[in-house]
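J.: The structure is given below, and queries will be raised subsequently.
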Amino acid sequence: MRLILFAVSLAGFAAFFAAGARGLRPVGHYAGPYGDVLNAISVPERHATDVVTAINFDFRGFDTLGEEFILFGSVMGVLLILRQQHDELRKENPEEDPNGPPAASDAMRAFTLALVGPMVIFGLYIVFHGQLTPGGGFQGGLILATAPLMVYLSGKLDEFKAVTSPRLVEIAEATGAGGFALVGLAGLAAGKNFLENILPLGKTGSVFSSGTIFLISVLTGIEVAAGIVLAMQSFLEHALEIMQRGRNG
Amino acid sequence: MSGLEWLMGWMGYAVAIWVFAAGLYGIVTSRNWMHLAICLAVMQSSTYVLLLSIGYRTGGAAPVFADIPVGARAVDPVVQALTLTDIVVEATVLALVVVLAVQIHKHSGTLDPDKLRELEG
Amino acid sequence: MGRAVTLTHQIPPLPIAFPLLVAAFLAAGRDFWPRRLTESLALGTSILNVILTARLLELSFAQPIVYWMGGWRPRGGVALGISLTIDPVGAGAALLASLLVVAAFVFSFKYFESVGTLFHVLMLVFLAGMCGFSLSGDMFNLFVWFELMGAAAYALCGYKTEDPKPLQGALNFAVTNTVGAFLALTGVALLYGRTGALNMAQIGRAMSSAGHSPDALALTAFAFITCGFLVKAAVAPFHFWLDDAHAVAPTPVCMLFSGVMVELGLYGALRVYWTVFAGLLGSHQAPLRGILMGFALLTAIVGGVMCFAQRNLKRLLAFSTVSHVGIMMMGVALLKASALGAIAIYVLAHGAVKAALFCYSGILLHRFSAVDEMELHGHGRAMPATGALFGFSALLLASLPPFGLFTGEALLGETAKRSGYGWIALVASLAAALTGGAVLRVGARVFLGWGDKRKVEGKKIKEERETSGGQTRTPAVMSGTAAVLVFAALAIGFVPQLKVGARKAAVDMTDTAGYQSRVLDRTPLPPPAPVRTPVEAGEFARGLATVLAAVALAAAALFQRRLPRAARAASRSLSAGIEPLRKLHSGHIGDYIAWLTVGVAAMGGLLTLAFR
């Protein structure tokens with residue numbers, strides 16, 4: 001019964017949405033001032049050739065600060081919700097669990113371990129060149145986060161945990177997020193507005209350019225990478241190691 | 001060719017509307033919380049399509065002026081930045097929903113909203 | 001002197017940036033900071049926020065503040081960066097949020113089971129989100145802080161994971177609010193497509209100059225954004241998530257949810273209307289008023305009825321919030337500055353009272369490990385002071401004159417009469433009587449042991465304690481916080497500056513052209529003159545009548561066996577009539593989203609009809 005009411009409403013909703021969308025310009029005819037102005041001033045005023053990154057970390061950096069802390073808060077939430085309960089035990093040897101995942105084959109080991117290095121380098125490249133070419137902290141951080149995942153895929157959970165010490169990763173994540181807020185506050189200390197640029201702009205096209213955009217991009221990369229690794233750790237620990245009292249493992 | 005032009009002019013928005021509606025339908029009729037989480041993500045993705053369609057400019061290059069001169073015809077960078085932020089928001093909400101669903105499954109042994117009718121007021 | 005001016009000038013971003021910074025710091029040392037350090041830092045940051053937002057409030061009364069992030073000021077009427085546009089209502093909302101977070105931290109001092117520092121980290125992030133939401137002047141930025149509030153809230157809601165119930169409540173909360181948020185984002189995208197701007201003032205200017213009659217796009221954008229925020233505000237039929245979330249969230253979190261988070265949803269809808277759509281839709285105020293009023297009345301009634309039918313104290317309080325949001329929505333729907341001023345006072349008083357009531361439910365949970373009315377029957381007889389304050393809070397909820405909630409409601413009634421909507425005051429009275437009566441009933445049953453002792457039917461719902469420590473005494477931090485909140489609610493009715501301030505704040509918020517000129521041009525228009533609304537004696541009588549009705553309802557519920565047969569039969573058929581409504585609140589996420597869609601479609605359909 002509720003389905004019929006819902007279906008009718010959904011149709012009405014779609015029709016209403018469509019009527020509104022008719023008022024938009026057809027796709028391909030963007031004419032608004034905001035994007036064009038930013039396209040025009042990004043290079044002369046910020047020496048940043050990748051306008052999207054410049055928007056993310058400078059023009060609309062305040063949005064990105066909020067977004068970074070959304071990621072931060074969600075990771076904290078994941079840690080909170082997946083924590084070990086007091087009625088749960090930790091498995092001694094998850095590898096010997098007959099219900100656990102199979103061990104990695106040699107081909108898998110070779111392939112994934114070989115990929116770790118290139119992943120890290122590529123990730124760092126994307127992070128450092130955010131202001132020049134498509135990329136930046138978020139994209140690069142994500143790529144960096146897959147490197148430890150490769151280590152996990154190549155073998156055991158222990159190796160993954162050896163590479164990613166939880167304490168260090170948490171500190172890294174907090175530093176990335178807090179660092180962003182600090183950069184903004186540094187602008188205040190320098191007598192300017194929050195998140196206003198306070199570093200030298202450098203030469204357009206070189207890596208150390210665009211002032212604070214570069215710095216924030218790096219900080220964001222650290223935060224995103226650390227956050228995702230933390231989440232991965234929680235998930236893996238939860239799935240493989242934690243079991244409820246009363247169930248045999 | 002005007003028929004095709006008309007189609008290209010409105011397809012983006014139509015897709016956004018369809019995806020939003022499909023996501024909503026999926027959420028309402030879902031029998032599994034993991035499926036529901038994905039439907040939520042689908043619904044969220046419709047906003048990307050809408051935003052990017054709004055900012056597109058035919059014949060425009062990417063708004064990266066490393067190889068092309070400043071002032072060249074480029075698409076809107078603002079919607080791209082918004083979409084990036086959007087994607088991060090979606091991923092984080094998805095993470096929280098999945099994590100909650102995992103714990104529910106651990107405690108109740110089921111992921112079916114119909115079977116989980118414990119909260120009744 | 002120069003340095004002081006600079007410092008003042010730089011306050012706006014601080015209430016948002018500091019909590020975030022401290023949250024990151026606390027998270028870095030999650031496992032090794034001692035508890036005292038964590039608590040002191042968290043409390044200190046929130047107190048600092050109170051000071052900062054209070055200063056912002058003071059400054060914004062003289063001249064609403066516009067602060068450009070990154071130093072990007074608008075050029076040629078095009079906003080390049082993100083602005084914080086702080087007027088008294090926004091600053092007031094941020095101040096309320098900060099005050100309630102202080103109360104929550106004090107309440108949870110020492111006894112609350114905190115998982116490392118995660119509770120405090122998430123609460124600080126939540127605080128930053130709320131302040132950002134209240135102070136922002138950019139539409140997409142509003143969405144970002146909305147989501148930040150949401151992410152922290154979902155995590156805090158799923159805090160007690162020993163039980164599958166909190167997880168379900170958090171899930172329903174998360175999915176519903178996310179759908180609402182992305183609905184709003186869709187509306188923002190539409191507006192961006194039309195105006196090419198994200199700054200609220202710029203959009204408002206562009207929308208009003210586009211034409212005199214609103215077209216389909218404007219209506220769709222308005223409907224989507226408003227409905228998205230009304231989901232957060234728990235207006236019917238978007239309200240189903242609220243009681244699930246409250247039933248399972250820990251007490252300090254509930255204080256914030258009911259006290260300020262839900263009200264911020266209304267604030268968002270109001271802000272967007274008055275800055276973006278007022279110019280365009282202003283000429284058609286009458287039908288718009290009617291549509292919004294419809295939603296408001298539905299919310300107030302559904303909330304009130306469901307509230308009275310609850311046994312679980314936290315759910316009862318949650319539905320009472322829904323009902324009071326309905327009353328607030330009535331003020332919003334009138335689309336007038338004087339109504340807005342009334343609602344501002346109402347929100348403050350309601351926040352204080354509701355937070356106090358949640359404190360009491362937390363105290364009961366701490367002492368007796370239960371929040372069910374029947375289970376707690378008579379347990380509170382040894383706590384007379386607590387019981388007295390609890391009962392007094394119930395009366396405050398029922399708009400006891402001349403205290404806080406009454407002041408707001410009376411002003412609302414006055415404005416409504418002047419707009420030809422005088423009869424809504426009766427609905428508001430009914431809703432207040434229902435909620436106040438319900439709380440009174442619980443108070444009498446728990447603290448006085450009155451009422452028929454009914455066998456606890458159905459399966460016994462085991463309630464998890466959220467605190468540690470002995471169960472023989474109530475910790476001073478808990479009872480003290482509650483008492484302070486009750487007295488704050490009391491005092492609100494007696495501070496004349498509040499009424500004057502609220503009026504001026506409302507006038508500032510509804511001054512669309514002034515807002516736009518202040519943000520985009522460098523030369524602000526002169527502020528409009530405030531309006532006067534004296535409270536007539538008729539309202540006083542109505543307030544007293546409401547309180548009496550509440551007492552009568554409570555008594556009827558308590559002493560059902562002693563009622564005359566006709567009344568008993570009437571109450572039985574009433575309960576039967578409510579059953580379908582109760583079944584609707586099924587806890588099933590599919591139902592909730594289905595109703596959400598119905599609500600949006602209804603809003604859309606009504607708007608289309610009204611503006612044809």
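In the structure tokens, chains take letters A, B, ... by order of appearance, with residues numbered from 1 within each chain and ligands from 1 in the order shown.
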Contacts from chain A to chain B, 6 Å maximum, only C-alpha atoms: show me the residue list as a list of chain:residue names.

T.: A:Pro26, A:Val27, A:Gly28, A:His29, A:Tyr30, A:Gly35, A:Thr49, A:Asp50, A:Val51, A:Val52, A:Asn56, A:Leu71, A:Ser74

J.: Only C-alpha atoms, please: the residues just picked out, written as a compact mmCIF listing (two decimals), in the first residue's frame.

T.:
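Once everything was written out, this is part31.txt:
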# COMPACT_ATOMS: atom_id res chain seq x y z
CA PRO A 26 20.76 23.53 -22.19
CA VAL A 27 23.85 21.48 -21.39
CA GLY A 28 26.90 22.98 -23.01
CA HIS A 29 25.88 26.61 -22.74
CA TYR A 30 27.43 27.58 -19.43
CA GLY A 35 33.65 30.19 -13.27
CA THR A 49 47.37 26.70 -13.48
CA ASP A 50 44.96 24.08 -12.19
CA VAL A 51 41.96 26.24 -11.42
CA VAL A 52 39.97 23.45 -9.79
CA ASN A 56 39.40 23.92 -3.62
CA LEU A 71 36.32 13.01 6.50
CA SER A 74 33.63 10.08 9.78

J.: Mind dumping a table of every chain C residue within 7 Å of chain B, with the nearest atom pair and its distance in Å to one decimal, using only C-alpha atoms, sorted by chain and rising number, as a tab-separated table?

T.:
residue	atom	partner	partner_atom	distance
C:Ala151	CA	B:Val93	CA	6.8
C:Pro164	CA	B:Ile104	CA	5.5
C:Lys165	CA	B:Glu118	CA	7.0
C:Leu167	CA	B:Leu100	CA	5.8
C:Leu171	CA	B:Val97	CA	6.3
C:Phe182	CA	B:Gln44	CA	6.3
C:Thr186	CA	B:Thr47	CA	6.0
C:Ala189	CA	B:Leu51	CA	6.0
C:Gly193	CA	B:Ile54	CA	5.7
C:Asp244	CA	B:Leu119	CA	6.9
C:Arg582	CA	B:Gly121	CA	6.0
C:His585	CA	B:Gly121	CA	5.6
C:Ser586	CA	B:Glu120	CA	4.9
C:Gly587	CA	B:Leu119	CA	4.9
C:His588	CA	B:Pro113	CA	6.2
C:Gly590	CA	B:Val28	CA	3.9
C:Asp591	CA	B:Val28	CA	6.7
C:Ile593	CA	B:Val28	CA	6.0
C:Ala594	CA	B:Val28	CA	6.1

J.: Might you pull out every residue within 9 Å of Ala104 in chain A, with only C-alpha atoms counted and same-chain residues fewer than 2 positions away left off, and present them as a list in words?

T.: Pro101, Pro102, Asp106, Ala107, Met108, Arg109, Leu153, Ser154, Gly155 and Lys156 of chain A

J.: Would you list which chain A residues are within 8 Å of chain C using only C-alpha atoms, as a PDB file with N, CA and C atoms, in the first residue's frame?

T.:
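Generated output (selection-v2.pdb):
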ATOM      1  N   ARG A   2       1.813   1.253   0.882  1.00  0.00           N
ATOM      2  CA  ARG A   2       2.663   2.441   0.888  1.00  0.00           C
ATOM      3  C   ARG A   2       3.422   2.557  -0.409  1.00  0.00           C
ATOM      4  N   LEU A   3       3.642   1.411  -1.087  1.00  0.00           N
ATOM      5  CA  LEU A   3       4.373   1.444  -2.339  1.00  0.00           C
ATOM      6  C   LEU A   3       3.625   2.240  -3.403  1.00  0.00           C
ATOM      7  N   LEU A   5       1.440   4.677  -2.924  1.00  0.00           N
ATOM      8  CA  LEU A   5       1.542   6.099  -2.569  1.00  0.00           C
ATOM      9  C   LEU A   5       2.922   6.627  -2.911  1.00  0.00           C
ATOM     10  N   PHE A   6       3.930   5.806  -2.603  1.00  0.00           N
ATOM     11  CA  PHE A   6       5.291   6.217  -2.892  1.00  0.00           C
ATOM     12  C   PHE A   6       5.516   6.366  -4.388  1.00  0.00           C
ATOM     13  N   SER A   9       4.036   9.475  -5.653  1.00  0.00           N
ATOM     14  CA  SER A   9       4.816  10.641  -5.225  1.00  0.00           C
ATOM     15  C   SER A   9       6.118  10.737  -5.986  1.00  0.00           C
ATOM     16  N   LEU A  10       6.729   9.587  -6.222  1.00  0.00           N
ATOM     17  CA  LEU A  10       8.010   9.602  -6.927  1.00  0.00           C
ATOM     18  C   LEU A  10       7.827  10.164  -8.328  1.00  0.00           C
ATOM     19  N   GLY A  12       5.483  12.192  -9.266  1.00  0.00           N
ATOM     20  CA  GLY A  12       5.252  13.628  -9.108  1.00  0.00           C
ATOM     21  C   GLY A  12       6.543  14.380  -8.848  1.00  0.00           C
ATOM     22  N   PHE A  13       7.372  13.785  -7.995  1.00  0.00           N
ATOM     23  CA  PHE A  13       8.661  14.396  -7.689  1.00  0.00           C
ATOM     24  C   PHE A  13       9.489  14.563  -8.950  1.00  0.00           C
ATOM     25  N   PHE A  16       8.116  17.260 -11.179  1.00  0.00           N
ATOM     26  CA  PHE A  16       8.406  18.567 -10.607  1.00  0.00           C
ATOM     27  C   PHE A  16       9.856  18.961 -10.861  1.00  0.00           C
ATOM     28  N   PHE A  17      10.737  18.004 -10.640  1.00  0.00           N
ATOM     29  CA  PHE A  17      12.155  18.192 -10.871  1.00  0.00           C
ATOM     30  C   PHE A  17      12.389  18.564 -12.338  1.00  0.00           C
ATOM     31  N   ALA A  19      10.303  19.833 -14.492  1.00  0.00           N
ATOM     32  CA  ALA A  19       9.788  21.164 -14.809  1.00  0.00           C
ATOM     33  C   ALA A  19      10.770  22.240 -14.400  1.00  0.00           C
ATOM     34  N   GLY A  20      11.391  22.016 -13.241  1.00  0.00           N
ATOM     35  CA  GLY A  20      12.380  22.985 -12.797  1.00  0.00           C
ATOM     36  C   GLY A  20      13.601  22.987 -13.676  1.00  0.00           C
ATOM     37  N   ALA A  21      14.043  21.788 -14.077  1.00  0.00           N
ATOM     38  CA  ALA A  21      15.251  21.703 -14.890  1.00  0.00           C
ATOM     39  C   ALA A  21      15.062  22.333 -16.248  1.00  0.00           C
ATOM     40  N   ARG A  22      13.803  22.386 -16.707  1.00  0.00           N
ATOM     41  CA  ARG A  22      13.541  23.028 -18.004  1.00  0.00           C
ATOM     42  C   ARG A  22      13.988  24.486 -17.982  1.00  0.00           C
ATOM     43  N   GLY A  23      14.015  25.068 -16.786  1.00  0.00           N
ATOM     44  CA  GLY A  23      14.396  26.465 -16.686  1.00  0.00           C
ATOM     45  C   GLY A  23      15.889  26.696 -16.782  1.00  0.00           C
ATOM     46  N   LEU A  24      16.654  25.597 -16.832  1.00  0.00           N
ATOM     47  CA  LEU A  24      18.095  25.744 -16.940  1.00  0.00           C
ATOM     48  C   LEU A  24      18.488  25.984 -18.396  1.00  0.00           C
ATOM     49  N   ARG A  25      19.710  26.471 -18.565  1.00  0.00           N
ATOM     50  CA  ARG A  25      20.231  26.549 -19.933  1.00  0.00           C
ATOM     51  C   ARG A  25      20.549  25.131 -20.394  1.00  0.00           C
ATOM     52  N   ALA A  31      27.155  29.932 -18.932  1.00  0.00           N
ATOM     53  CA  ALA A  31      27.359  31.357 -19.174  1.00  0.00           C
ATOM     54  C   ALA A  31      27.619  32.135 -17.903  1.00  0.00           C
ATOM     55  N   GLY A  32      27.583  31.454 -16.767  1.00  0.00           N
ATOM     56  CA  GLY A  32      27.631  32.167 -15.499  1.00  0.00           C
ATOM     57  C   GLY A  32      28.929  32.900 -15.256  1.00  0.00           C
ATOM     58  N   PRO A  33      28.927  33.928 -14.447  1.00  0.00           N
ATOM     59  CA  PRO A  33      30.133  34.731 -14.249  1.00  0.00           C
ATOM     60  C   PRO A  33      31.196  34.062 -13.387  1.00  0.00           C
ATOM     61  N   TYR A  34      30.785  33.303 -12.393  1.00  0.00           N
ATOM     62  CA  TYR A  34      31.704  32.841 -11.365  1.00  0.00           C
ATOM     63  C   TYR A  34      32.886  32.056 -11.949  1.00  0.00           C
ATOM     64  N   GLY A  35      32.583  31.037 -12.742  1.00  0.00           N
ATOM     65  CA  GLY A  35      33.648  30.190 -13.268  1.00  0.00           C
ATOM     66  C   GLY A  35      34.588  30.953 -14.184  1.00  0.00           C
ATOM     67  N   LEU A  38      37.001  33.203 -12.245  1.00  0.00           N
ATOM     68  CA  LEU A  38      38.067  32.448 -11.586  1.00  0.00           C
ATOM     69  C   LEU A  38      39.064  31.894 -12.599  1.00  0.00           C
ATOM     70  N   ASP A  58      41.977  27.530  -2.197  1.00  0.00           N
ATOM     71  CA  ASP A  58      42.139  28.955  -1.980  1.00  0.00           C
ATOM     72  C   ASP A  58      40.824  29.715  -2.056  1.00  0.00           C
ATOM     73  N   PHE A  59      40.260  29.830  -3.262  1.00  0.00           N
ATOM     74  CA  PHE A  59      39.053  30.643  -3.392  1.00  0.00           C
ATOM     75  C   PHE A  59      37.940  30.142  -2.496  1.00  0.00           C
ATOM     76  N   ARG A  60      37.735  28.805  -2.514  1.00  0.00           N
ATOM     77  CA  ARG A  60      36.700  28.225  -1.668  1.00  0.00           C
ATOM     78  C   ARG A  60      37.330  27.282  -0.653  1.00  0.00           C
ATOM     79  N   GLY A  61      38.472  27.709  -0.128  1.00  0.00           N
ATOM     80  CA  GLY A  61      39.178  26.846   0.811  1.00  0.00           C
ATOM     81  C   GLY A  61      38.389  26.549   2.062  1.00  0.00           C
ATOM     82  N   PHE A  62      37.521  27.439   2.439  1.00  0.00           N
ATOM     83  CA  PHE A  62      36.733  27.242   3.650  1.00  0.00           C
ATOM     84  C   PHE A  62      35.821  26.031   3.507  1.00  0.00           C
ATOM     85  N   ASP A  63      35.272  25.834   2.306  1.00  0.00           N
ATOM     86  CA  ASP A  63      34.489  24.628   2.036  1.00  0.00           C
ATOM     87  C   ASP A  63      35.327  23.392   2.271  1.00  0.00           C
ATOM     88  N   GLY A  66      35.915  22.411   5.821  1.00  0.00           N
ATOM     89  CA  GLY A  66      34.777  21.670   6.355  1.00  0.00           C
ATOM     90  C   GLY A  66      34.756  20.244   5.850  1.00  0.00           C
ATOM     91  N   GLU A  67      35.041  20.084   4.564  1.00  0.00           N
ATOM     92  CA  GLU A  67      35.005  18.762   3.964  1.00  0.00           C
ATOM     93  C   GLU A  67      36.066  17.861   4.560  1.00  0.00           C
ATOM     94  N   PHE A  69      37.228  18.012   7.515  1.00  0.00           N
ATOM     95  CA  PHE A  69      36.812  17.590   8.836  1.00  0.00           C
ATOM     96  C   PHE A  69      35.615  16.655   8.793  1.00  0.00           C
ATOM     97  N   ILE A  70      34.855  16.677   7.708  1.00  0.00           N
ATOM     98  CA  ILE A  70      33.823  15.647   7.534  1.00  0.00           C
ATOM     99  C   ILE A  70      34.506  14.301   7.421  1.00  0.00           C
ATOM    100  N   GLY A  73      35.885  13.468  10.865  1.00  0.00           N
ATOM    101  CA  GLY A  73      34.822  13.054  11.780  1.00  0.00           C
ATOM    102  C   GLY A  73      34.290  11.675  11.449  1.00  0.00           C
ATOM    103  N   SER A  74      34.154  11.384  10.155  1.00  0.00           N
ATOM    104  CA  SER A  74      33.633  10.078   9.778  1.00  0.00           C
ATOM    105  C   SER A  74      34.602   8.970  10.140  1.00  0.00           C
ATOM    106  N   MET A  76      36.695   9.065  12.599  1.00  0.00           N
ATOM    107  CA  MET A  76      36.535   8.913  14.046  1.00  0.00           C
ATOM    108  C   MET A  76      35.282   8.089  14.342  1.00  0.00           C
ATOM    109  N   GLY A  77      34.231   8.339  13.573  1.00  0.00           N
ATOM    110  CA  GLY A  77      33.000   7.583  13.755  1.00  0.00           C
ATOM    111  C   GLY A  77      33.201   6.105  13.463  1.00  0.00           C
ATOM    112  N   VAL A  78      33.939   5.816  12.395  1.00  0.00           N
ATOM    113  CA  VAL A  78      34.218   4.416  12.064  1.00  0.00           C
ATOM    114  C   VAL A  78      34.990   3.764  13.200  1.00  0.00           C
ATOM    115  N   LEU A  80      35.007   4.611  16.270  1.00  0.00           N
ATOM    116  CA  LEU A  80      34.124   4.507  17.414  1.00  0.00           C
ATOM    117  C   LEU A  80      33.205   3.303  17.289  1.00  0.00           C
ATOM    118  N   ILE A  81      32.599   3.157  16.122  1.00  0.00           N
ATOM    119  CA  ILE A  81      31.554   2.147  15.969  1.00  0.00           C
ATOM    120  C   ILE A  81      32.141   0.763  15.828  1.00  0.00           C
ATOM    121  N   GLN A  85      34.343  -4.569  21.588  1.00  0.00           N
ATOM    122  CA  GLN A  85      33.439  -4.508  22.729  1.00  0.00           C
ATOM    123  C   GLN A  85      34.010  -5.294  23.890  1.00  0.00           C
ATOM    124  N   GLU A 170      47.213   7.718  13.137  1.00  0.00           N
ATOM    125  CA  GLU A 170      46.238   8.627  13.764  1.00  0.00           C
ATOM    126  C   GLU A 170      46.841  10.007  13.940  1.00  0.00           C
ATOM    127  N   ILE A 171      48.092  10.039  14.364  1.00  0.00           N
ATOM    128  CA  ILE A 171      48.742  11.335  14.526  1.00  0.00           C
ATOM    129  C   ILE A 171      48.833  12.041  13.187  1.00  0.00           C
ATOM    130  N   ALA A 172      49.159  11.260  12.139  1.00  0.00           N
ATOM    131  CA  ALA A 172      49.260  11.866  10.811  1.00  0.00           C
ATOM    132  C   ALA A 172      47.929  12.462  10.396  1.00  0.00           C
ATOM    133  N   GLU A 173      46.861  11.722  10.639  1.00  0.00           N
ATOM    134  CA  GLU A 173      45.552  12.221  10.227  1.00  0.00           C
ATOM    135  C   GLU A 173      45.190  13.493  10.978  1.00  0.00           C
ATOM    136  N   ALA A 174      45.422  13.463  12.291  1.00  0.00           N
ATOM    137  CA  ALA A 174      45.090  14.642  13.077  1.00  0.00           C
ATOM    138  C   ALA A 174      45.950  15.831  12.658  1.00  0.00           C
ATOM    139  N   THR A 175      47.214  15.554  12.336  1.00  0.00           N
ATOM    140  CA  THR A 175      48.105  16.638  11.906  1.00  0.00           C
ATOM    141  C   THR A 175      47.619  17.241  10.603  1.00  0.00           C
ATOM    142  N   ALA A 177      44.583  17.309   9.377  1.00  0.00           N
ATOM    143  CA  ALA A 177      43.363  18.093   9.554  1.00  0.00           C
ATOM    144  C   ALA A 177      43.642  19.362  10.356  1.00  0.00           C
ATOM    145  N   GLY A 178      44.326  19.185  11.501  1.00  0.00           N
ATOM    146  CA  GLY A 178      44.618  20.344  12.330  1.00  0.00           C
ATOM    147  C   GLY A 178      45.510  21.340  11.614  1.00  0.00           C
ATOM    148  N   ALA A 181      43.553  23.793   9.569  1.00  0.00           N
ATOM    149  CA  ALA A 181      42.981  24.853  10.400  1.00  0.00           C
ATOM    150  C   ALA A 181      44.066  25.837  10.827  1.00  0.00           C
ATOM    151  N   LEU A 182      45.266  25.312  11.137  1.00  0.00           N
ATOM    152  CA  LEU A 182      46.357  26.178  11.559  1.00  0.00           C
ATOM    153  C   LEU A 182      46.782  27.134  10.448  1.00  0.00           C
ATOM    154  N   LEU A 185      44.455  29.871  10.461  1.00  0.00           N
ATOM    155  CA  LEU A 185      44.669  30.778  11.581  1.00  0.00           C
ATOM    156  C   LEU A 185      45.950  31.587  11.410  1.00  0.00           C
ATOM    157  N   LEU A 188      45.324  34.769  10.030  1.00  0.00           N
ATOM    158  CA  LEU A 188      44.863  35.759  10.998  1.00  0.00           C
ATOM    159  C   LEU A 188      46.039  36.379  11.732  1.00  0.00           C
ATOM    160  N   GLY A 191      47.787  39.148  10.151  1.00  0.00           N
ATOM    161  CA  GLY A 191      47.050  40.377   9.934  1.00  0.00           C
ATOM    162  C   GLY A 191      46.101  40.330   8.758  1.00  0.00           C
ATOM    163  N   LYS A 192      45.994  39.160   8.124  1.00  0.00           N
ATOM    164  CA  LYS A 192      45.078  39.073   6.987  1.00  0.00           C
ATOM    165  C   LYS A 192      43.844  38.285   7.399  1.00  0.00           C
ATOM    166  N   ASN A 193      43.029  37.930   6.429  1.00  0.00           N
ATOM    167  CA  ASN A 193      41.829  37.154   6.728  1.00  0.00           C
ATOM    168  C   ASN A 193      42.151  35.675   6.868  1.00  0.00           C
ATOM    169  N   PHE A 194      41.205  34.944   7.406  1.00  0.00           N
ATOM    170  CA  PHE A 194      41.356  33.505   7.574  1.00  0.00           C
ATOM    171  C   PHE A 194      41.602  32.850   6.218  1.00  0.00           C
ATOM    172  N   LEU A 195      42.591  31.979   6.145  1.00  0.00           N
ATOM    173  CA  LEU A 195      42.916  31.242   4.926  1.00  0.00           C
ATOM    174  C   LEU A 195      43.433  32.131   3.796  1.00  0.00           C
ATOM    175  N   GLU A 196      43.794  33.378   4.127  1.00  0.00           N
ATOM    176  CA  GLU A 196      44.363  34.189   3.070  1.00  0.00           C
ATOM    177  C   GLU A 196      45.799  33.757   2.862  1.00  0.00           C
ATOM    178  N   ASN A 197      46.284  33.907   1.659  1.00  0.00           N
ATOM    179  CA  ASN A 197      47.605  33.417   1.321  1.00  0.00           C
ATOM    180  C   ASN A 197      48.686  34.208   2.032  1.00  0.00           C
TER     181      ASN A 197
END

J.: Any idea what the distance is between CA of Ile301 in chain C and CA of Gly326 in chain C?

T.: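 Between CA of Ile301 in chain C and CA of Gly326 in chain C the gap is 7.9 Å.
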
J.: In Å, with one decimal, what is the gap from CA of Leu111 in chain B to CA of Ala103 in chain A?

T.: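 Rounded to one decimal, the two atoms are 28.4 Å apart.
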
J.: Report as a ChimeraX atom specification all protein, DNA and RNA residues lying within 10 Å of range 275-286 of chain C, evaluated on only C-alpha atoms, omitting residues in the same chain fewer than 2 positions from it.

T.: /C:137,139,191,199-215,218-219,221-222,270-273,288-291,333-336,419,509-516,610-611

J.: Run DSSP on the backbone and grab whatever in range 13-138 of chain C lands in helix (DSSP H, G or I); send it over as a PyMOL selection string.

T.: chain C and resi 14-28+35-62+69-71+88-107+118-135

J.: Rounded to one decimal in Å, what is the spacing between CA of Gly141 in chain A and CA of Phe111 in chain A?

T.: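 So the two atoms, CA of Gly141 in chain A and CA of Phe111 in chain A, lie 21.8 Å apart.
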
J.: As an MDAnalysis selection string, please: the residues near Asn177 in chain C (cut-off 9 Å, only C-alpha atoms, same-chain neighbours under 6 positions excluded).

T.: chainID C and resid 147 150 228:229 231:232 241

J.: Okay, now the selection with N, CA and C atoms, as a PDB file, in the first residue's frame?

T.:
ATOM      1  N   GLU C 147      26.419  18.978   6.397  1.00  0.00           N
ATOM      2  CA  GLU C 147      26.916  17.613   6.358  1.00  0.00           C
ATOM      3  C   GLU C 147      27.884  17.330   7.496  1.00  0.00           C
ATOM      4  N   GLY C 150      25.938  16.676  10.386  1.00  0.00           N
ATOM      5  CA  GLY C 150      25.340  15.360  10.207  1.00  0.00           C
ATOM      6  C   GLY C 150      26.309  14.239  10.513  1.00  0.00           C
ATOM      7  N   GLY C 228      14.645  19.961   2.118  1.00  0.00           N
ATOM      8  CA  GLY C 228      15.887  19.405   2.635  1.00  0.00           C
ATOM      9  C   GLY C 228      16.150  19.878   4.053  1.00  0.00           C
ATOM     10  N   PHE C 229      15.986  21.174   4.294  1.00  0.00           N
ATOM     11  CA  PHE C 229      16.213  21.691   5.638  1.00  0.00           C
ATOM     12  C   PHE C 229      15.097  21.290   6.591  1.00  0.00           C
ATOM     13  N   VAL C 231      13.712  18.483   6.650  1.00  0.00           N
ATOM     14  CA  VAL C 231      14.024  17.129   7.119  1.00  0.00           C
ATOM     15  C   VAL C 231      14.849  17.225   8.391  1.00  0.00           C
ATOM     16  N   LYS C 232      15.859  18.087   8.363  1.00  0.00           N
ATOM     17  CA  LYS C 232      16.685  18.280   9.560  1.00  0.00           C
ATOM     18  C   LYS C 232      15.832  18.827  10.687  1.00  0.00           C
ATOM     19  N   TRP C 241      12.516  10.254  11.685  1.00  0.00           N
ATOM     20  CA  TRP C 241      13.833   9.850  12.171  1.00  0.00           C
ATOM     21  C   TRP C 241      14.117  10.349  13.580  1.00  0.00           C
TER      22      TRP C 241
END
